[in-house]
file start01.cif (mmCIF, C-alpha atoms and all ligand atoms)
data_final
#
loop_
_atom_site.label_atom_id
_atom_site.label_comp_id
_atom_site.auth_asym_id
_atom_site.auth_seq_id
_atom_site.Cartn_x
_atom_site.Cartn_y
_atom_site.Cartn_z
CA MET A 1 153.09 156.57 205.81
CA THR A 2 154.43 160.12 206.12
CA THR A 3 152.91 162.67 203.76
CA ALA A 4 154.57 165.93 202.73
CA LEU A 5 152.98 168.71 200.67
CA ILE A 6 155.45 171.02 198.92
CA THR A 7 154.21 174.12 197.08
CA GLY A 8 156.06 175.19 193.95
CA ALA A 9 157.44 171.67 193.63
CA ASN A 10 157.71 171.54 189.84
CA LYS A 11 161.24 172.97 189.75
CA GLY A 12 164.09 174.53 191.66
CA ILE A 13 164.41 174.13 195.42
CA GLY A 14 160.83 172.84 195.77
CA PHE A 15 161.47 169.98 193.36
CA GLU A 16 164.69 169.03 195.16
CA THR A 17 162.92 169.22 198.52
CA ALA A 18 160.32 166.75 197.24
CA ARG A 19 163.09 164.52 195.91
CA GLN A 20 164.96 164.50 199.24
CA LEU A 21 161.84 163.87 201.32
CA ALA A 22 160.83 161.06 198.95
CA ALA A 23 164.30 159.53 199.35
CA ARG A 24 163.50 159.28 203.07
CA GLY A 25 160.49 157.15 202.22
CA MET A 26 157.84 159.84 202.43
CA THR A 27 154.88 160.21 200.11
CA VAL A 28 155.42 163.57 198.46
CA LEU A 29 152.48 165.66 197.27
CA MET A 30 154.04 167.92 194.66
CA ALA A 31 151.96 171.07 194.33
CA ALA A 32 152.26 173.24 191.25
CA ARG A 33 150.10 175.84 189.55
CA ASP A 34 150.88 174.53 186.05
CA LYS A 35 149.30 171.11 185.52
CA ASP A 36 151.72 169.91 182.83
CA LEU A 37 154.85 171.02 184.68
CA GLY A 38 153.57 169.61 187.97
CA GLN A 39 152.62 166.25 186.48
CA ALA A 40 155.97 166.03 184.66
CA ALA A 41 157.84 166.74 187.91
CA ALA A 42 155.88 164.05 189.76
CA ASP A 43 156.49 161.60 186.90
CA THR A 44 160.24 162.30 187.11
CA LEU A 45 160.34 161.39 190.80
CA LYS A 46 158.06 158.38 190.28
CA ALA A 47 160.52 157.11 187.66
CA GLU A 48 163.20 157.33 190.37
CA GLY A 49 161.05 155.09 192.57
CA ALA A 50 159.40 157.80 194.68
CA GLN A 51 155.85 157.81 196.02
CA ALA A 52 154.98 161.10 194.33
CA HIS A 53 151.66 162.71 193.41
CA PHE A 54 150.96 165.92 191.54
CA VAL A 55 148.56 168.31 193.29
CA HIS A 56 147.17 171.25 191.35
CA LEU A 57 147.57 174.27 193.64
CA ASP A 58 148.05 177.96 192.89
CA VAL A 59 148.81 179.67 196.20
CA THR A 60 146.99 182.82 195.04
CA ASP A 61 143.79 180.90 194.19
CA GLU A 62 141.74 179.99 197.26
CA ASP A 63 139.51 177.59 195.29
CA SER A 64 142.50 175.58 194.12
CA ILE A 65 143.84 175.52 197.70
CA ALA A 66 140.49 174.26 199.02
CA ARG A 67 140.30 171.59 196.31
CA ALA A 68 143.85 170.45 197.15
CA ALA A 69 142.98 170.18 200.86
CA GLU A 70 139.83 168.18 200.03
CA TRP A 71 141.82 165.82 197.83
CA ILE A 72 144.49 165.25 200.50
CA ASP A 73 141.74 164.66 203.07
CA SER A 74 139.99 162.09 200.88
CA GLU A 75 143.23 160.31 199.88
CA PHE A 76 145.22 160.42 203.12
CA GLY A 77 143.02 161.86 205.90
CA SER A 78 145.90 163.89 207.39
CA LEU A 79 149.11 165.69 206.46
CA ASP A 80 152.46 165.35 208.25
CA ILE A 81 154.54 168.06 206.57
CA LEU A 82 153.74 171.31 204.79
CA ILE A 83 156.52 173.16 202.98
CA ASN A 84 155.42 176.63 201.87
CA ASN A 85 158.07 176.97 199.19
CA ALA A 86 156.40 178.79 196.26
CA ALA A 87 157.49 182.40 195.81
CA ILE A 88 158.20 185.07 193.24
CA THR A 89 160.53 188.07 193.22
CA GLY A 90 158.25 190.35 191.21
CA GLY A 91 161.16 191.57 189.11
CA LEU A 92 162.54 195.11 189.16
CA ASP A 93 160.55 198.28 188.56
CA GLY A 94 162.95 200.86 187.13
CA ASP A 95 166.15 200.83 189.19
CA GLY A 96 164.49 198.51 191.71
CA LYS A 97 164.71 201.03 194.56
CA PRO A 98 161.73 201.46 196.95
CA SER A 99 160.90 204.88 195.43
CA SER A 100 160.60 203.28 191.96
CA THR A 101 158.47 200.34 193.07
CA ALA A 102 154.91 200.11 191.77
CA LEU A 103 152.29 199.24 194.36
CA ALA A 104 150.91 196.66 191.91
CA THR A 105 154.25 194.82 192.02
CA LEU A 106 154.31 194.92 195.80
CA ARG A 107 150.74 193.56 195.98
CA ARG A 108 151.52 190.78 193.49
CA VAL A 109 154.58 189.64 195.44
CA TYR A 110 152.73 189.74 198.78
CA GLU A 111 149.81 187.77 197.27
CA THR A 112 152.18 184.87 196.59
CA ASN A 113 154.90 185.14 199.23
CA VAL A 114 152.81 186.17 202.25
CA PHE A 115 149.04 185.85 201.72
CA GLY A 116 149.52 182.62 199.76
CA VAL A 117 151.39 181.08 202.68
CA VAL A 118 148.66 182.05 205.14
CA ALA A 119 145.94 180.75 202.82
CA VAL A 120 147.65 177.39 202.28
CA THR A 121 148.58 177.02 205.96
CA ASN A 122 145.06 177.74 207.19
CA ALA A 123 143.55 175.35 204.65
CA MET A 124 145.98 172.57 205.61
CA LEU A 125 146.00 173.07 209.40
CA PRO A 126 143.01 170.79 210.08
CA LEU A 127 144.88 168.01 208.24
CA LEU A 128 148.18 168.87 209.97
CA ARG A 129 146.48 168.76 213.38
CA ARG A 130 145.37 165.18 212.63
CA ALA A 131 149.01 164.09 212.15
CA GLU A 132 150.99 162.87 215.14
CA ALA A 133 153.51 165.73 215.14
CA ALA A 134 153.28 167.87 212.03
CA ARG A 135 156.00 170.19 210.75
CA ILE A 136 155.51 173.36 208.75
CA VAL A 137 158.38 175.04 206.90
CA ASN A 138 158.06 178.51 205.42
CA VAL A 139 160.82 179.05 202.90
CA SER A 140 162.20 182.49 203.67
CA SER A 141 165.54 184.03 202.75
CA GLU A 142 168.60 185.72 204.21
CA VAL A 143 167.29 188.98 202.74
CA SER A 144 164.38 188.75 205.20
CA SER A 145 166.63 189.42 208.18
CA LEU A 146 166.61 193.02 209.40
CA GLU A 147 169.79 192.39 211.38
CA ILE A 148 171.65 191.06 208.33
CA VAL A 149 170.32 193.59 205.81
CA MET A 150 170.93 196.60 208.08
CA ASN A 151 174.55 195.75 208.93
CA PRO A 152 176.65 198.43 207.15
CA ASP A 153 179.69 196.14 207.26
CA GLY A 154 177.81 193.10 205.94
CA HIS A 155 177.43 191.64 202.46
CA MET A 156 173.73 192.62 202.29
CA TRP A 157 174.25 196.35 202.84
CA GLN A 158 174.20 196.93 199.08
CA LEU A 159 170.72 195.39 198.81
CA VAL A 160 168.09 198.13 198.44
CA GLY A 161 164.84 196.59 197.16
CA LEU A 162 161.29 196.44 198.41
CA PRO A 163 158.89 193.67 197.30
CA TYR A 164 160.84 190.44 197.77
CA PRO A 165 162.89 191.28 200.91
CA SER A 166 159.96 192.88 202.75
CA SER A 167 157.64 190.00 201.78
CA LYS A 168 160.08 187.54 203.35
CA THR A 169 160.37 189.70 206.49
CA ALA A 170 156.58 189.61 206.72
CA LEU A 171 156.73 185.85 206.24
CA ASN A 172 159.10 185.62 209.21
CA MET A 173 156.54 187.32 211.46
CA VAL A 174 153.83 185.07 210.03
CA THR A 175 156.04 182.13 211.03
CA ALA A 176 156.63 183.52 214.53
CA MET A 177 152.92 184.12 215.15
CA TYR A 178 151.89 180.62 214.03
CA ALA A 179 154.68 179.24 216.24
CA LYS A 180 153.15 181.02 219.23
CA GLU A 181 149.62 179.87 218.37
CA LEU A 182 150.86 176.29 218.03
CA TRP A 183 153.31 176.44 220.97
CA ASN A 184 151.50 173.91 223.16
CA THR A 185 150.82 171.48 220.34
CA PRO A 186 153.16 168.89 218.75
CA ILE A 187 153.29 171.05 215.59
CA LYS A 188 156.48 172.99 214.86
CA ILE A 189 156.80 175.79 212.33
CA ASN A 190 160.05 177.40 211.24
CA ALA A 191 161.42 179.56 208.44
CA ALA A 192 164.17 178.16 206.18
CA ASN A 193 166.98 180.00 204.45
CA PRO A 194 168.10 177.94 201.42
CA GLY A 195 171.12 180.19 200.72
CA TYR A 196 171.88 181.67 197.33
CA CYS A 197 171.03 178.87 194.86
CA ALA A 198 171.09 178.71 191.07
CA THR A 199 167.40 178.63 190.09
CA ASP A 200 165.08 180.47 187.72
CA LEU A 201 164.26 182.86 190.58
CA ASN A 202 167.64 184.57 190.16
CA HIS A 203 168.34 183.62 186.50
CA ASN A 204 170.56 180.82 187.81
CA SER A 205 173.09 183.21 189.33
CA GLY A 206 173.28 181.51 192.75
CA PHE A 207 176.43 179.70 193.86
CA ARG A 208 174.67 176.78 195.56
CA THR A 209 172.76 173.96 193.90
CA PRO A 210 168.97 173.67 194.34
CA ALA A 211 169.65 170.38 196.13
CA GLU A 212 171.77 172.22 198.72
CA GLY A 213 169.02 174.81 199.02
CA ALA A 214 166.53 172.06 199.84
CA GLU A 215 168.54 170.82 202.82
CA PRO A 216 167.37 173.44 205.37
CA SER A 217 163.72 172.71 204.45
CA VAL A 218 164.29 168.97 204.84
CA HIS A 219 166.06 169.52 208.17
CA LEU A 220 163.19 171.65 209.53
CA ALA A 221 160.57 169.24 208.13
CA THR A 222 162.13 166.34 210.04
CA LEU A 223 162.87 168.01 213.39
CA PRO A 224 162.58 165.83 216.48
CA GLN A 225 160.03 166.71 219.15
CA ASP A 226 162.63 168.64 221.18
CA GLY A 227 163.59 170.71 218.13
CA PRO A 228 162.92 174.44 217.86
CA SER A 229 159.82 176.26 216.65
CA GLY A 230 159.57 179.87 215.52
CA GLU A 231 163.13 180.20 214.20
CA LEU A 232 164.88 181.24 210.99
CA TRP A 233 167.40 178.54 210.15
CA GLY A 234 169.65 177.59 207.24
CA TYR A 235 172.71 178.80 205.37
CA GLN A 236 174.63 181.94 206.07
CA TRP A 237 175.84 183.71 202.93
CA ASP A 238 178.87 181.53 202.22
CA SER A 239 180.32 178.39 203.69
CA ALA A 240 182.44 180.46 206.07
CA GLY A 241 179.22 181.92 207.42
CA GLY A 242 178.04 178.49 208.50
CA TYR A 243 174.77 176.68 208.75
CA GLY A 244 172.45 177.27 211.65
CA ARG A 245 170.11 179.78 213.26
CA LEU A 246 169.92 183.21 211.60
CA PRO A 247 168.91 186.45 213.30
CA TRP A 248 165.41 187.72 212.49
N1 LIG A 301 167.15 180.58 194.73
C1 LIG A 301 167.63 181.23 195.77
O1 LIG A 301 168.79 181.69 195.80
C2 LIG A 301 166.76 181.46 196.98
C3 LIG A 301 167.34 182.09 198.09
C4 LIG A 301 166.56 182.30 199.23
C5 LIG A 301 165.27 181.86 199.25
N2 LIG A 301 164.71 181.24 198.15
C6 LIG A 301 163.34 180.79 198.25
O2 LIG A 301 163.27 179.42 197.88
C7 LIG A 301 161.95 179.12 197.41
C8 LIG A 301 162.03 178.39 196.09
O3 LIG A 301 162.60 179.27 195.13
P1 LIG A 301 163.45 178.78 193.88
O4 LIG A 301 164.75 179.47 193.97
O5 LIG A 301 163.40 177.32 193.76
O6 LIG A 301 162.63 179.50 192.71
P2 LIG A 301 162.00 178.96 191.33
O7 LIG A 301 162.89 177.98 190.68
O8 LIG A 301 161.60 180.20 190.61
O9 LIG A 301 160.70 178.18 191.84
C9 LIG A 301 159.62 178.86 192.40
C10 LIG A 301 158.45 177.92 192.41
O10 LIG A 301 157.31 178.62 192.97
C11 LIG A 301 156.23 178.42 192.08
N3 LIG A 301 155.21 179.46 192.19
C12 LIG A 301 155.33 180.78 191.98
N4 LIG A 301 154.14 181.38 192.14
C13 LIG A 301 153.25 180.40 192.45
C14 LIG A 301 151.86 180.37 192.73
N5 LIG A 301 151.12 181.48 192.71
N6 LIG A 301 151.28 179.18 193.04
C15 LIG A 301 152.01 178.04 193.07
N7 LIG A 301 153.32 178.01 192.78
C16 LIG A 301 153.92 179.17 192.48
C17 LIG A 301 156.86 178.34 190.70
O11 LIG A 301 155.95 177.81 189.77
P3 LIG A 301 156.08 178.14 188.16
O12 LIG A 301 157.10 177.19 187.61
O13 LIG A 301 154.69 177.87 187.67
O14 LIG A 301 156.48 179.58 188.04
C18 LIG A 301 158.04 177.44 191.01
O15 LIG A 301 157.61 176.10 191.09
C19 LIG A 301 161.23 180.46 197.34
O16 LIG A 301 160.45 180.64 198.51
C20 LIG A 301 162.36 181.48 197.33
O17 LIG A 301 161.96 182.75 197.81
C21 LIG A 301 165.44 181.03 197.03
#

call {"tool": "encode", "arguments": {"input": "start01.cif", "output": "structure tokens"}}
result
Amino acid sequence: MTTALITGANKGIGFETARQLAARGMTVLMAARDKDLGQAAADTLKAEGAQAHFVHLDVTDEDSIARAAEWIDSEFGSLDILINNAAITGGLDGDGKPSSTALATLRRVYETNVFGVVAVTNAMLPLLRRAEAARIVNVSSEVSSLEIVMNPDGHMWQLVGLPYPSSKTALNMVTAMYAKELWNTPIKINAANPGYCATDLNHNSGFRTPAEGAEPSVHLATLPQDGPSGELWGYQWDSAGGYGRLPW
């Protein structure tokens, strides 16, 4: 049995990631901070024939993370795949420019998008180390890439915002550092770029489906042993941009 824990699995890309991993025969542990929404999401996949379980987990609440790890330990004894998918944008303060951004917003976004990932990863690592060859996926974004965002001729030049993009850049370094720590182990950790997908995160303005957005996470979660570690991988902005490794 292959077990996969997905944070923020009650909707959007996280839900579709759980659905796609379940379709490959995995047991999906669908983590959500809202019990009703999480249970409903797991019930939906169960009705489709999936081995799905709801796990109560708020990535900003260390007690809930510890309880989730204890439950997985008692039920399964190990964990094969961790997808750190949960994230928030924090919304816009004023015109959304760095000079208008409230520190409280920045802290709130980092609590979820950066510190939450570290907290969940560290809590789950003992279980991941017990798996034969675990995979960790940190769901990042194209807006994390300094090379892409700082290209004056590129489509991201108009983006001037602080909390969400910088949190995802920090997440990339978090990914790189875990990759180095885990370099001589069977565990691989990579960052995924889902592309611009229609979800609640962006008021459904994206031009890809959440199911498409789940594909990079599924790809990185199922890498063979000679696959990469410590990379940012997924969709470029549009189909012409391709699908592959992105610059940090
Ligand atoms: N959509 C895009 O175009 C796009 C592009 C690039 C990257 N991404 C990334 O893709 C991932 C999934 O985003 P999405 O588009 O699917 O957004 P979404 O529909 O807003 O889903 C976000 C999920 O994260 C959960 N979440 C937020 N804070 C949490 C917390 N403290 N603890 C546990 N769960 C929490 C949400 O739970 P609630 O329902 O309780 O709020 C929800 O399940 C994110 O990492 C996002 O940054 C998305």

call {"tool": "closest_residue", "arguments": {"input": "start01.cif", "among": "A:Val160, A:Val109, A:Met26, A:Ala198", "to": "ligand LIG 301 (chain A)", "atoms": "all atoms listed in the file"}}
result
A:Ala198

call {"tool": "residues_near_ligand", "arguments": {"input": "start01.cif", "ligand": "ligand LIG 301 (chain A)", "cutoff": "8 Å", "atoms": "all atoms listed in the file", "output": "PyMOL selection string"}}
result
chain A and resi 7-15+31-34+37+57-61+84-89+111-113+116+138-143+164+168+192-202+204-206+208+210+213

call {"tool": "residues_near_point", "arguments": {"input": "start01.cif", "point": "(151.3, 159.8, 200.8)", "cutoff": "12 Å", "atoms": "all atoms listed in the file", "output": "ChimeraX atom specification"}}
result
/A:1-5,18,21-22,25-30,50-55,71-81

call {"tool": "atom_distance", "arguments": {"input": "start01.cif", "atom1": "CA of Leu223 (chain A)", "atom2": "CA of Val117 (chain A)"}}
result
20.4 Å

call {"tool": "closest_residue", "arguments": {"input": "start01.cif", "among": "A:Ala23, A:Ile6, A:Ala68, A:Val114", "to": "Ser167 (chain A)", "atoms": "all atoms listed in the file"}}
result
A:Val114

call {"tool": "atom_distance", "arguments": {"input": "start01.cif", "atom1": "CA of Asn190 (chain A)", "atom2": "CA of Trp237 (chain A)"}}
result
18.9 Å

call {"tool": "residues_around", "arguments": {"input": "start01.cif", "residues": "Val174 (chain A)", "least_positions_apart": "4", "cutoff": "8 Å", "atoms": "all atoms listed in the file", "output": "PyMOL selection string"}}
result
chain A and resi 114+118+170+178

call {"tool": "atom_distance", "arguments": {"input": "start01.cif", "atom1": "CA of Ala131 (chain A)", "atom2": "CA of Ala191 (chain A)"}}
result
20.2 Å
